[in-house]
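As provided, protein_37.txt (compact mmCIF, C-alpha atoms (C1' of nucleotides)) reads as follows.
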# COMPACT_ATOMS: atom_id res chain seq x y z
CA MET A 1 2.77 -8.52 -17.08
CA GLY A 2 0.02 -10.72 -18.40
CA SER A 3 2.33 -13.67 -19.01
CA THR A 4 0.94 -17.14 -18.43
CA PRO A 5 1.88 -18.05 -14.83
CA THR A 6 2.17 -21.83 -15.21
CA PRO A 7 0.97 -23.72 -18.30
CA ARG A 8 -0.24 -26.49 -16.01
CA PRO A 9 -0.42 -30.01 -17.45
CA MET A 10 -3.72 -31.25 -18.79
CA ARG A 11 -5.53 -34.36 -17.84
CA ALA A 12 -5.49 -36.97 -20.58
CA ASP A 13 -9.18 -36.72 -21.43
CA ALA A 14 -9.05 -32.94 -21.39
CA ARG A 15 -6.14 -32.96 -23.81
CA ARG A 16 -7.96 -35.43 -26.04
CA ASN A 17 -10.97 -33.11 -26.16
CA TYR A 18 -8.80 -30.06 -26.73
CA GLU A 19 -7.13 -31.65 -29.70
CA ARG A 20 -10.29 -33.01 -31.22
CA ILE A 21 -11.93 -29.60 -30.95
CA VAL A 22 -9.03 -27.94 -32.77
CA GLU A 23 -9.07 -30.58 -35.48
CA VAL A 24 -12.80 -30.33 -35.99
CA ALA A 25 -12.66 -26.54 -35.92
CA ARG A 26 -10.15 -26.58 -38.77
CA GLU A 27 -12.55 -28.64 -40.87
CA VAL A 28 -15.57 -26.55 -39.99
CA PHE A 29 -13.79 -23.27 -40.68
CA ARG A 30 -12.65 -24.60 -44.03
CA GLU A 31 -16.15 -25.69 -44.92
CA HIS A 32 -18.19 -22.80 -43.60
CA GLY A 33 -15.75 -19.95 -43.05
CA PRO A 34 -14.49 -18.38 -39.84
CA GLU A 35 -17.97 -17.39 -38.66
CA ALA A 36 -19.29 -20.91 -38.44
CA PRO A 37 -21.37 -21.59 -35.30
CA LEU A 38 -19.17 -22.83 -32.46
CA ASP A 39 -21.99 -25.11 -31.38
CA ASP A 40 -21.49 -27.04 -34.62
CA VAL A 41 -17.84 -27.43 -33.75
CA ALA A 42 -18.73 -28.71 -30.30
CA ARG A 43 -21.33 -31.10 -31.65
CA ARG A 44 -19.02 -32.56 -34.28
CA ALA A 45 -16.29 -32.90 -31.70
CA CYS A 46 -18.78 -34.72 -29.45
CA VAL A 47 -18.33 -32.33 -26.53
CA GLY A 48 -20.75 -30.01 -24.82
CA PRO A 49 -20.52 -26.31 -25.58
CA GLY A 50 -19.30 -25.79 -22.03
CA THR A 51 -16.21 -27.85 -22.74
CA LEU A 52 -15.43 -25.84 -25.82
CA TYR A 53 -15.74 -22.61 -23.86
CA ARG A 54 -13.61 -23.92 -21.05
CA HIS A 55 -10.74 -24.43 -23.47
CA PHE A 56 -11.40 -21.45 -25.71
CA PRO A 57 -13.07 -18.53 -23.95
CA ASN A 58 -13.87 -16.91 -27.30
CA ARG A 59 -13.77 -17.49 -31.01
CA GLU A 60 -10.43 -15.77 -31.45
CA GLU A 61 -8.69 -18.17 -29.10
CA LEU A 62 -10.03 -21.10 -31.09
CA ILE A 63 -8.91 -19.51 -34.33
CA ALA A 64 -5.52 -18.96 -32.73
CA ALA A 65 -5.25 -22.62 -31.80
CA VAL A 66 -6.21 -23.71 -35.29
CA TYR A 67 -3.82 -21.49 -37.20
CA ARG A 68 -0.90 -21.15 -34.82
CA ALA A 69 0.86 -24.06 -36.45
CA ASP A 70 0.39 -22.62 -39.93
CA LEU A 71 1.83 -19.30 -38.88
CA GLU A 72 4.82 -20.91 -37.24
CA ALA A 73 5.40 -22.90 -40.42
CA LEU A 74 5.32 -19.61 -42.29
CA ALA A 75 8.05 -18.27 -40.01
CA ASP A 76 10.14 -21.42 -40.51
CA GLN A 77 9.81 -21.10 -44.26
CA ALA A 78 11.43 -17.69 -44.06
CA TYR A 79 14.66 -19.22 -42.75
CA ASP A 80 14.51 -22.01 -45.31
CA LEU A 81 14.20 -19.48 -48.11
CA ALA A 82 16.99 -17.37 -46.63
CA GLU A 83 19.33 -20.36 -46.88
CA ARG A 84 18.39 -21.44 -50.38
CA LEU A 85 18.03 -18.12 -52.21
CA GLU A 86 19.79 -14.79 -52.39
CA PRO A 87 18.34 -12.17 -50.03
CA GLY A 88 16.16 -10.33 -52.52
CA GLU A 89 14.70 -13.51 -53.95
CA ALA A 90 14.11 -14.99 -50.52
CA LEU A 91 12.07 -12.00 -49.44
CA THR A 92 10.14 -11.96 -52.70
CA GLU A 93 9.29 -15.62 -52.38
CA TRP A 94 8.24 -15.23 -48.79
CA LEU A 95 5.89 -12.40 -49.64
CA ARG A 96 4.42 -14.54 -52.38
CA VAL A 97 3.81 -17.32 -49.90
CA GLN A 98 2.17 -14.92 -47.48
CA VAL A 99 -0.17 -13.55 -50.11
CA GLY A 100 -1.03 -17.08 -51.11
CA PHE A 101 -1.80 -17.88 -47.50
CA ALA A 102 -4.20 -14.95 -47.18
CA LEU A 103 -5.86 -15.91 -50.45
CA HIS A 104 -8.61 -18.48 -50.76
CA LYS A 105 -9.38 -18.39 -47.07
CA ARG A 106 -12.87 -16.92 -47.05
CA GLY A 107 -12.27 -13.87 -44.93
CA LEU A 108 -10.11 -15.79 -42.55
CA ALA A 109 -7.01 -13.69 -43.11
CA ALA A 110 -8.79 -10.59 -41.88
CA LYS A 111 -10.00 -12.40 -38.76
CA LEU A 112 -6.52 -13.75 -38.14
CA LYS A 113 -4.94 -10.34 -38.32
CA ALA A 114 -7.62 -8.85 -36.08
CA ALA A 115 -6.92 -11.55 -33.52
CA MET A 116 -3.18 -10.95 -33.72
CA ASP A 117 -3.57 -7.20 -33.49
CA ARG A 118 -5.71 -7.59 -30.40
CA ASP A 119 -3.02 -9.80 -28.96
CA ALA A 120 -5.10 -12.89 -28.50
CA GLU A 121 -3.22 -14.91 -25.90
CA GLY A 122 -2.64 -17.89 -28.11
CA PHE A 123 -0.77 -15.82 -30.67
CA ALA A 124 1.80 -14.23 -28.39
CA LEU A 125 4.60 -16.62 -29.27
CA CYS A 126 4.04 -17.17 -32.97
CA LYS A 127 3.62 -13.44 -33.45
CA THR A 128 7.14 -12.97 -32.14
CA LYS A 129 8.42 -15.74 -34.37
CA LEU A 130 6.83 -14.15 -37.42
CA ASN A 131 8.22 -10.74 -36.57
CA GLU A 132 11.70 -12.13 -36.13
CA ALA A 133 11.50 -14.04 -39.39
CA ALA A 134 10.36 -10.92 -41.24
CA ALA A 135 13.09 -8.83 -39.63
CA THR A 136 15.75 -11.34 -40.66
CA LEU A 137 14.66 -11.44 -44.29
CA VAL A 138 14.21 -7.72 -44.58
CA LYS A 139 17.55 -6.88 -42.98
CA ALA A 140 19.36 -9.31 -45.27
CA ALA A 141 17.66 -7.89 -48.34
CA GLN A 142 18.48 -4.36 -47.28
CA ASP A 143 22.11 -5.19 -46.53
CA ALA A 144 22.36 -6.75 -49.98
CA GLY A 145 20.92 -3.61 -51.52
CA ALA A 146 18.00 -5.56 -52.93
CA ILE A 147 15.29 -3.39 -51.38
CA ARG A 148 14.98 0.17 -50.18
CA GLN A 149 16.08 1.19 -46.70
CA ASP A 150 12.95 3.07 -45.65
CA VAL A 151 10.63 0.13 -45.07
CA ARG A 152 10.19 -1.83 -41.88
CA PRO A 153 9.62 -5.55 -41.56
CA ARG A 154 6.11 -4.85 -40.35
CA ASP A 155 5.36 -2.92 -43.55
CA LEU A 156 6.09 -5.96 -45.65
CA GLN A 157 3.74 -8.12 -43.65
CA LEU A 158 1.06 -5.46 -43.87
CA MET A 159 1.45 -5.20 -47.61
CA ALA A 160 1.27 -8.93 -48.12
CA HIS A 161 -1.80 -9.06 -45.93
CA GLY A 162 -3.40 -6.13 -47.73
CA ILE A 163 -2.86 -7.68 -51.13
CA GLY A 164 -4.17 -10.99 -49.90
CA VAL A 165 -7.42 -9.69 -48.49
CA ALA A 166 -7.96 -7.20 -51.30
CA THR A 167 -7.66 -9.81 -54.02
CA GLU A 168 -9.43 -12.62 -52.19
CA ALA A 169 -12.38 -12.39 -54.56
CA THR A 170 -10.26 -11.81 -57.66
CA PRO A 171 -7.03 -13.82 -57.28
CA ASP A 172 -5.83 -13.00 -60.80
CA ALA A 173 -5.21 -9.45 -59.61
CA ALA A 174 -2.91 -10.68 -56.85
CA GLU A 175 -0.04 -11.25 -59.26
CA ARG A 176 -0.26 -7.75 -60.73
CA LEU A 177 -0.44 -6.15 -57.30
CA LEU A 178 2.56 -8.14 -56.15
CA THR A 179 4.54 -7.00 -59.17
CA VAL A 180 3.80 -3.37 -58.45
CA MET A 181 4.65 -3.77 -54.82
CA LEU A 182 7.91 -5.59 -55.51
CA ASP A 183 8.98 -2.96 -58.03
CA GLY A 184 8.14 -0.29 -55.48
CA LEU A 185 10.34 -2.06 -52.95
CA ARG A 186 13.47 -1.83 -55.08
CA PRO A 187 15.94 0.89 -54.09
CA GLN A 188 14.65 4.02 -55.82
CA MET B 1 -31.45 -9.35 -66.00
CA GLY B 2 -32.08 -8.58 -62.34
CA SER B 3 -32.63 -4.87 -62.95
CA THR B 4 -35.17 -3.10 -60.76
CA PRO B 5 -38.49 -3.22 -62.68
CA THR B 6 -40.01 0.04 -61.42
CA PRO B 7 -38.61 2.02 -58.47
CA ARG B 8 -42.17 2.81 -57.42
CA PRO B 9 -42.71 6.03 -55.47
CA MET B 10 -42.84 5.86 -51.70
CA ARG B 11 -45.56 7.09 -49.46
CA ALA B 12 -44.54 10.15 -47.49
CA ASP B 13 -44.42 8.43 -44.11
CA ALA B 14 -42.51 5.49 -45.57
CA ARG B 15 -39.92 7.83 -47.05
CA ARG B 16 -39.62 9.65 -43.73
CA ASN B 17 -38.93 6.39 -41.96
CA TYR B 18 -36.48 5.27 -44.62
CA GLU B 19 -34.47 8.41 -44.31
CA ARG B 20 -34.49 8.46 -40.54
CA ILE B 21 -33.29 4.87 -40.46
CA VAL B 22 -30.37 5.65 -42.77
CA GLU B 23 -29.43 8.68 -40.73
CA VAL B 24 -29.58 6.82 -37.44
CA ALA B 25 -27.69 3.87 -38.92
CA ARG B 26 -24.84 6.18 -39.90
CA GLU B 27 -24.55 7.36 -36.29
CA VAL B 28 -24.83 3.89 -34.83
CA PHE B 29 -22.24 2.44 -37.22
CA ARG B 30 -19.86 5.27 -36.38
CA GLU B 31 -20.34 4.71 -32.67
CA HIS B 32 -20.38 0.93 -32.49
CA GLY B 33 -18.94 -0.28 -35.77
CA PRO B 34 -20.60 -2.05 -38.69
CA GLU B 35 -21.76 -4.99 -36.58
CA ALA B 36 -23.99 -2.95 -34.31
CA PRO B 37 -27.38 -4.58 -33.56
CA LEU B 38 -29.97 -3.54 -36.12
CA ASP B 39 -32.56 -3.53 -33.36
CA ASP B 40 -30.70 -0.60 -31.82
CA VAL B 41 -30.94 1.22 -35.12
CA ALA B 42 -34.67 0.54 -35.29
CA ARG B 43 -35.21 1.60 -31.70
CA ARG B 44 -33.32 4.86 -32.07
CA ALA B 45 -35.14 5.55 -35.31
CA CYS B 46 -38.43 4.94 -33.48
CA VAL B 47 -39.60 2.22 -35.85
CA GLY B 48 -40.31 -1.43 -35.32
CA PRO B 49 -37.75 -3.95 -36.49
CA GLY B 50 -40.25 -5.05 -39.13
CA THR B 51 -40.13 -1.61 -40.74
CA LEU B 52 -36.38 -1.69 -40.89
CA TYR B 53 -36.44 -5.11 -42.54
CA ARG B 54 -39.07 -4.04 -45.01
CA HIS B 55 -36.76 -1.31 -46.29
CA PHE B 56 -33.47 -3.18 -45.88
CA PRO B 57 -33.79 -6.96 -46.20
CA ASN B 58 -30.32 -7.42 -44.76
CA ARG B 59 -27.46 -5.58 -43.15
CA GLU B 60 -25.60 -5.10 -46.40
CA GLU B 61 -28.46 -3.19 -47.97
CA LEU B 62 -28.52 -0.84 -45.00
CA ILE B 63 -24.77 -0.37 -45.21
CA ALA B 64 -25.19 0.32 -48.91
CA ALA B 65 -27.78 3.00 -48.23
CA VAL B 66 -25.57 4.64 -45.62
CA TYR B 67 -22.38 4.77 -47.66
CA ARG B 68 -23.67 5.10 -51.20
CA ALA B 69 -23.45 8.87 -50.98
CA ASP B 70 -19.86 8.75 -49.68
CA LEU B 71 -18.80 6.51 -52.52
CA GLU B 72 -20.42 8.69 -55.13
CA ALA B 73 -18.65 11.68 -53.62
CA LEU B 74 -15.42 9.73 -53.97
CA ALA B 75 -16.15 9.24 -57.66
CA ASP B 76 -16.93 12.94 -58.10
CA GLN B 77 -13.66 13.88 -56.43
CA ALA B 78 -11.82 11.94 -59.10
CA TYR B 79 -13.08 14.30 -61.81
CA ASP B 80 -12.35 17.32 -59.64
CA LEU B 81 -8.77 16.20 -59.18
CA ALA B 82 -8.44 15.41 -62.87
CA GLU B 83 -9.27 19.02 -63.67
CA ARG B 84 -7.06 20.65 -61.07
CA LEU B 85 -3.92 18.51 -61.23
CA GLU B 86 -1.74 16.86 -63.81
CA PRO B 87 -2.68 13.21 -64.49
CA GLY B 88 -0.07 11.57 -62.30
CA GLU B 89 -0.74 13.85 -59.37
CA ALA B 90 -4.49 13.48 -59.71
CA LEU B 91 -4.27 9.73 -59.50
CA THR B 92 -1.89 9.90 -56.57
CA GLU B 93 -4.16 12.22 -54.68
CA TRP B 94 -7.19 10.09 -55.37
CA LEU B 95 -5.47 7.00 -54.06
CA ARG B 96 -4.52 8.92 -50.97
CA VAL B 97 -8.14 9.91 -50.44
CA GLN B 98 -9.27 6.32 -50.89
CA VAL B 99 -6.80 5.03 -48.36
CA GLY B 100 -7.91 7.74 -45.97
CA PHE B 101 -11.49 6.67 -46.50
CA ALA B 102 -10.72 3.05 -45.65
CA LEU B 103 -8.76 4.13 -42.58
CA HIS B 104 -10.32 4.90 -39.21
CA LYS B 105 -13.54 3.11 -40.06
CA ARG B 106 -13.49 0.18 -37.68
CA GLY B 107 -13.61 -2.65 -40.13
CA LEU B 108 -16.19 -0.92 -42.21
CA ALA B 109 -14.07 -0.82 -45.36
CA ALA B 110 -13.87 -4.59 -45.46
CA LYS B 111 -17.64 -4.91 -45.04
CA LEU B 112 -18.20 -2.32 -47.75
CA LYS B 113 -16.02 -4.14 -50.21
CA ALA B 114 -17.65 -7.47 -49.39
CA ALA B 115 -21.04 -5.90 -50.04
CA MET B 116 -19.88 -4.42 -53.33
CA ASP B 117 -18.23 -7.66 -54.42
CA ARG B 118 -21.44 -9.54 -53.71
CA ASP B 119 -23.28 -6.97 -55.78
CA ALA B 120 -25.61 -5.74 -53.11
CA GLU B 121 -28.47 -4.14 -55.04
CA GLY B 122 -28.00 -0.71 -53.57
CA PHE B 123 -24.45 -0.48 -54.86
CA ALA B 124 -25.06 -1.26 -58.51
CA LEU B 125 -25.01 2.34 -59.67
CA CYS B 126 -22.28 3.82 -57.50
CA LYS B 127 -20.08 0.87 -58.29
CA THR B 128 -20.27 1.78 -61.95
CA LYS B 129 -19.54 5.41 -61.14
CA LEU B 130 -16.48 4.46 -59.13
CA ASN B 131 -15.22 2.17 -61.88
CA GLU B 132 -15.62 4.87 -64.50
CA ALA B 133 -13.88 7.43 -62.34
CA ALA B 134 -10.99 5.07 -61.73
CA ALA B 135 -10.76 4.23 -65.44
CA THR B 136 -10.65 7.90 -66.37
CA LEU B 137 -7.85 8.75 -63.97
CA VAL B 138 -5.81 5.68 -64.79
CA LYS B 139 -6.11 6.14 -68.55
CA ALA B 140 -5.07 9.78 -68.30
CA ALA B 141 -2.08 8.91 -66.13
CA GLN B 142 -1.05 6.15 -68.50
CA ASP B 143 -1.40 8.37 -71.57
CA ALA B 144 0.76 10.96 -69.84
CA GLY B 145 3.38 8.32 -69.13
CA ALA B 146 3.03 8.90 -65.40
CA ILE B 147 2.30 5.28 -64.51
CA ARG B 148 3.03 1.88 -66.00
CA GLN B 149 0.82 0.37 -68.68
CA ASP B 150 0.30 -3.05 -67.14
CA VAL B 151 -2.11 -2.12 -64.37
CA ARG B 152 -5.87 -1.93 -64.57
CA PRO B 153 -8.14 0.60 -62.90
CA ARG B 154 -9.45 -2.15 -60.68
CA ASP B 155 -5.94 -2.90 -59.44
CA LEU B 156 -5.55 0.62 -58.14
CA GLN B 157 -8.76 0.41 -56.18
CA LEU B 158 -7.75 -2.94 -54.77
CA MET B 159 -4.39 -1.61 -53.70
CA ALA B 160 -5.88 1.41 -52.01
CA HIS B 161 -8.37 -0.82 -50.26
CA GLY B 162 -5.68 -3.27 -49.24
CA ILE B 163 -3.47 -0.57 -47.76
CA GLY B 164 -6.43 0.94 -45.98
CA VAL B 165 -7.58 -2.23 -44.26
CA ALA B 166 -4.05 -3.46 -43.57
CA THR B 167 -3.02 -0.28 -41.79
CA GLU B 168 -6.30 0.38 -40.03
CA ALA B 169 -4.75 -0.44 -36.66
CA THR B 170 -1.44 1.29 -37.43
CA PRO B 171 -2.18 4.34 -39.58
CA ASP B 172 1.43 5.56 -39.47
CA ALA B 173 2.34 2.67 -41.74
CA ALA B 174 -0.17 3.80 -44.36
CA GLU B 175 2.12 6.57 -45.59
CA ARG B 176 5.07 4.23 -46.08
CA LEU B 177 2.94 1.66 -47.88
CA LEU B 178 1.53 4.32 -50.16
CA THR B 179 5.03 5.49 -51.02
CA VAL B 180 6.10 2.00 -51.98
CA MET B 181 3.00 1.46 -54.03
CA LEU B 182 3.29 4.79 -55.85
CA ASP B 183 6.94 4.14 -56.67
CA GLY B 184 5.97 0.71 -57.94
CA LEU B 185 3.36 2.30 -60.18
CA ARG B 186 5.87 4.45 -62.04
CA PRO B 187 6.86 3.20 -65.50
CA GLN B 188 9.67 0.71 -64.85
C1' DA C 1 -10.55 -31.27 -11.92
C1' DC C 2 -13.20 -31.67 -15.80
C1' DC C 3 -17.37 -32.58 -18.55
C1' DT C 4 -22.27 -32.22 -19.60
C1' DG C 5 -26.26 -30.15 -21.32
C1' DA C 6 -30.11 -27.46 -19.87
C1' DA C 7 -30.99 -22.70 -19.40
C1' DC C 8 -30.33 -17.97 -20.41
C1' DA C 9 -29.47 -13.80 -23.15
C1' DC C 10 -29.10 -11.62 -27.37
C1' DC C 11 -30.21 -10.51 -31.88
C1' DG C 12 -31.83 -11.28 -36.65
C1' DT C 13 -36.19 -12.29 -38.95
C1' DT C 14 -41.07 -13.16 -39.66
C1' DC C 15 -45.89 -12.36 -39.51
C1' DA C 16 -50.61 -11.53 -37.78
C1' DA C 17 -53.06 -7.61 -36.47
C1' DG C 18 -53.72 -2.77 -36.79
C1' DT C 19 -53.94 1.87 -39.27
C1' DA D 1 -49.90 -0.01 -48.70
C1' DC D 2 -47.32 0.42 -44.75
C1' DC D 3 -46.24 0.03 -39.79
C1' DT D 4 -46.09 -2.31 -35.34
C1' DG D 5 -44.34 -5.31 -32.00
C1' DA D 6 -44.93 -9.85 -30.25
C1' DA D 7 -43.11 -14.22 -31.37
C1' DC D 8 -39.74 -17.26 -33.21
C1' DA D 9 -35.19 -19.13 -34.33
C1' DC D 10 -30.47 -19.14 -33.76
C1' DC D 11 -26.31 -18.98 -31.42
C1' DG D 12 -22.96 -17.50 -27.89
C1' DT D 13 -22.31 -18.08 -22.93
C1' DT D 14 -23.05 -19.59 -18.22
C1' DC D 15 -23.69 -22.70 -14.49
C1' DA D 16 -25.61 -26.34 -11.50
C1' DA D 17 -25.27 -31.14 -11.38
C1' DG D 18 -22.70 -35.20 -12.43
C1' DT D 19 -18.35 -38.07 -12.93
Turn the structure described in the file into structure tokens.
Amino acid sequence: MGSTPTPRPMRADARRNYERIVEVAREVFREHGPEAPLDDVARRACVGPGTLYRHFPNREELIAAVYRADLEALADQAYDLAERLEPGEALTEWLRVQVGFALHKRGLAAKLKAAMDRDAEGFALCKTKLNEAAATLVKAAQDAGAIRQDVRPRDLQLMAHGIGVATEATPDAAERLLTVMLDGLRPQ
Amino acid sequence: MGSTPTPRPMRADARRNYERIVEVAREVFREHGPEAPLDDVARRACVGPGTLYRHFPNREELIAAVYRADLEALADQAYDLAERLEPGEALTEWLRVQVGFALHKRGLAAKLKAAMDRDAEGFALCKTKLNEAAATLVKAAQDAGAIRQDVRPRDLQLMAHGIGVATEATPDAAERLLTVMLDGLRPQ
DNA sequence: ACCTGAACACCGTTCAAGT
DNA sequence: ACCTGAACACCGTTCAAGT
């Protein structure tokens, strides 16, 4: 399988560069969207373009590095919500959070999903975490009779993503779409 | 307002070029997706890149020219369905068609929506047509009590778009998402 | 080993010259 | 008026030289 053979340690200066690049990339993506020139990232991180490409062979890998942490936080939140709220509410809240995440991100959500669908290396682990989190919430909600049986965890993520990207330009519609979707999720 | 002052007639050879470019662009976009090099389009249409840019100052305008007809057909279908089916069914069918349109298009749907949101000149008219078609179907369905009152025509288009782009890579999920959405649309 | 930055390739865009 | 295609600018990517 294409599993990483040995995640060999990094030399101190290499690690420093790696981390500065990720940090700078986050800023640049926020300022200029996910299509911002990678040369700008390299320049602002004070490294040559070659260094950037050594660490991140393509744009998707850099995006992965930047947003991995956010996605893992999203997975963690699922378990938090599961502890604090009843199953139906927990799932509802989580979907709300996911839509919020997709919103206001200047086309980033779409790029993120594309990268995850294409199995960008850097996403392998956090993709699993997200899937497991979704499965946990959905199963609990189904067992509690809060949502219908004929949806899969994946469906919920897709819906949240769809609503997020669709309403990116008109966030006021997001709430109405969520309402419809949540009503549709109730046992019919 | 920024309305076109006079859509001056085109010389015969200019019109020929214009139409060949649109035709070729449709093929190229289908083959290589909506990011295909415009130079390829120009080359295959046997015109210089300058000619292409004269007619279509940017990629979005070319995309508009290519898909305008499809979108107007989509609007026409709405009225067809409204005649042949009862209001609820007509709306359902139309949403299904819209999702199908967004599907299998290699990221085109997202580009299309972006272009329409940004009000690309070429879309001005067919955008209105689509909005009117959606308004007609939604009003009829609401008057018939087939769907809830608290959704707007725009919401339905956004949902269809969202489902389409979200399930582009996994079309089998589209059906399940549509079911949830349609159930959520019923008067609660 | 890793970094650097010049060099290359590609593609969108412009514009002077031609018809 | 419109078309042509060379030229330019921009940006992703590679690689030889340096540390």
Which residues of chain C sit at most 7 Å from chain A, using only C-alpha atoms (C1' of nucleotides)? Give each one's shortest atom pair and distance in Å (one decimal place), in chain and ascending residue order, as a tab-separated table.
residue	atom	partner	partner_atom	distance
C:DC3	C1'	A:Thr51	CA	6.4
C:DT4	C1'	A:Gly48	CA	5.9
C:DG5	C1'	A:Gly48	CA	6.5
With C-alpha atoms (C1' of nucleotides) retained, could you export that selection as a PDB file, in the coordinates of the input?
ATOM      1  C1'  DC C   3     -17.370 -32.580 -18.550  1.00  0.00           C
ATOM      2  C1'  DT C   4     -22.270 -32.220 -19.600  1.00  0.00           C
ATOM      3  C1'  DG C   5     -26.260 -30.150 -21.320  1.00  0.00           C
TER       4       DG C   5
END
Computed interatomic separation between CA of Val24 (chain B) and CA of Leu71 (chain B) (Å): 18.5 Å
All residues 12 Å or closer to DA7 (chain D), only C-alpha atoms (C1' of nucleotides), same chain fewer than 2 positions away omitted, as a PyMOL selection string: (chain C and resi 13-16) or (chain D and resi 5+9)
Chain B contacts to chain A at 9 Å (only C-alpha atoms) as a PyMOL selection string: chain B and resi 110+113-114+117+150-152+154-156+158-167+169+173-174+176-177+179-186+188
Separation of CA of Pro34 (chain B) from CA of Asn131 (chain B) in Å: 24.2 Å
Selection near region 88-97 of chain B, 6 Å with all atoms listed in the file, sequence-local residues under 5 positions removed, as a PyMOL selection string: chain B and resi 81-82+137+141+146+160
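Distances from B:Arg20, B:Ala42, B:Pro57, B:Lys129 to Asp76 (chain B) were compared using only C-alpha atoms, and the smallest one belongs to B:Lys129.
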Atom-to-atom span, CA of Phe56 (chain B) and CA of Leu130 (chain B), Å: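 These atoms are spaced 22.9 Å apart.
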Nearby residues, (-29.8, -10.9, -29.1) file frame, 10 Å, all atoms listed in the file, as a PyMOL selection string: (chain B and resi 37+39) or (chain C and resi 9-12) or (chain D and resi 10-12)
Selected residue, from A:Glu72, A:Arg16, A:His104, A:Lys111, that lies nearest to Glu35 (chain A) when counting all atoms listed in the file: A:Lys111
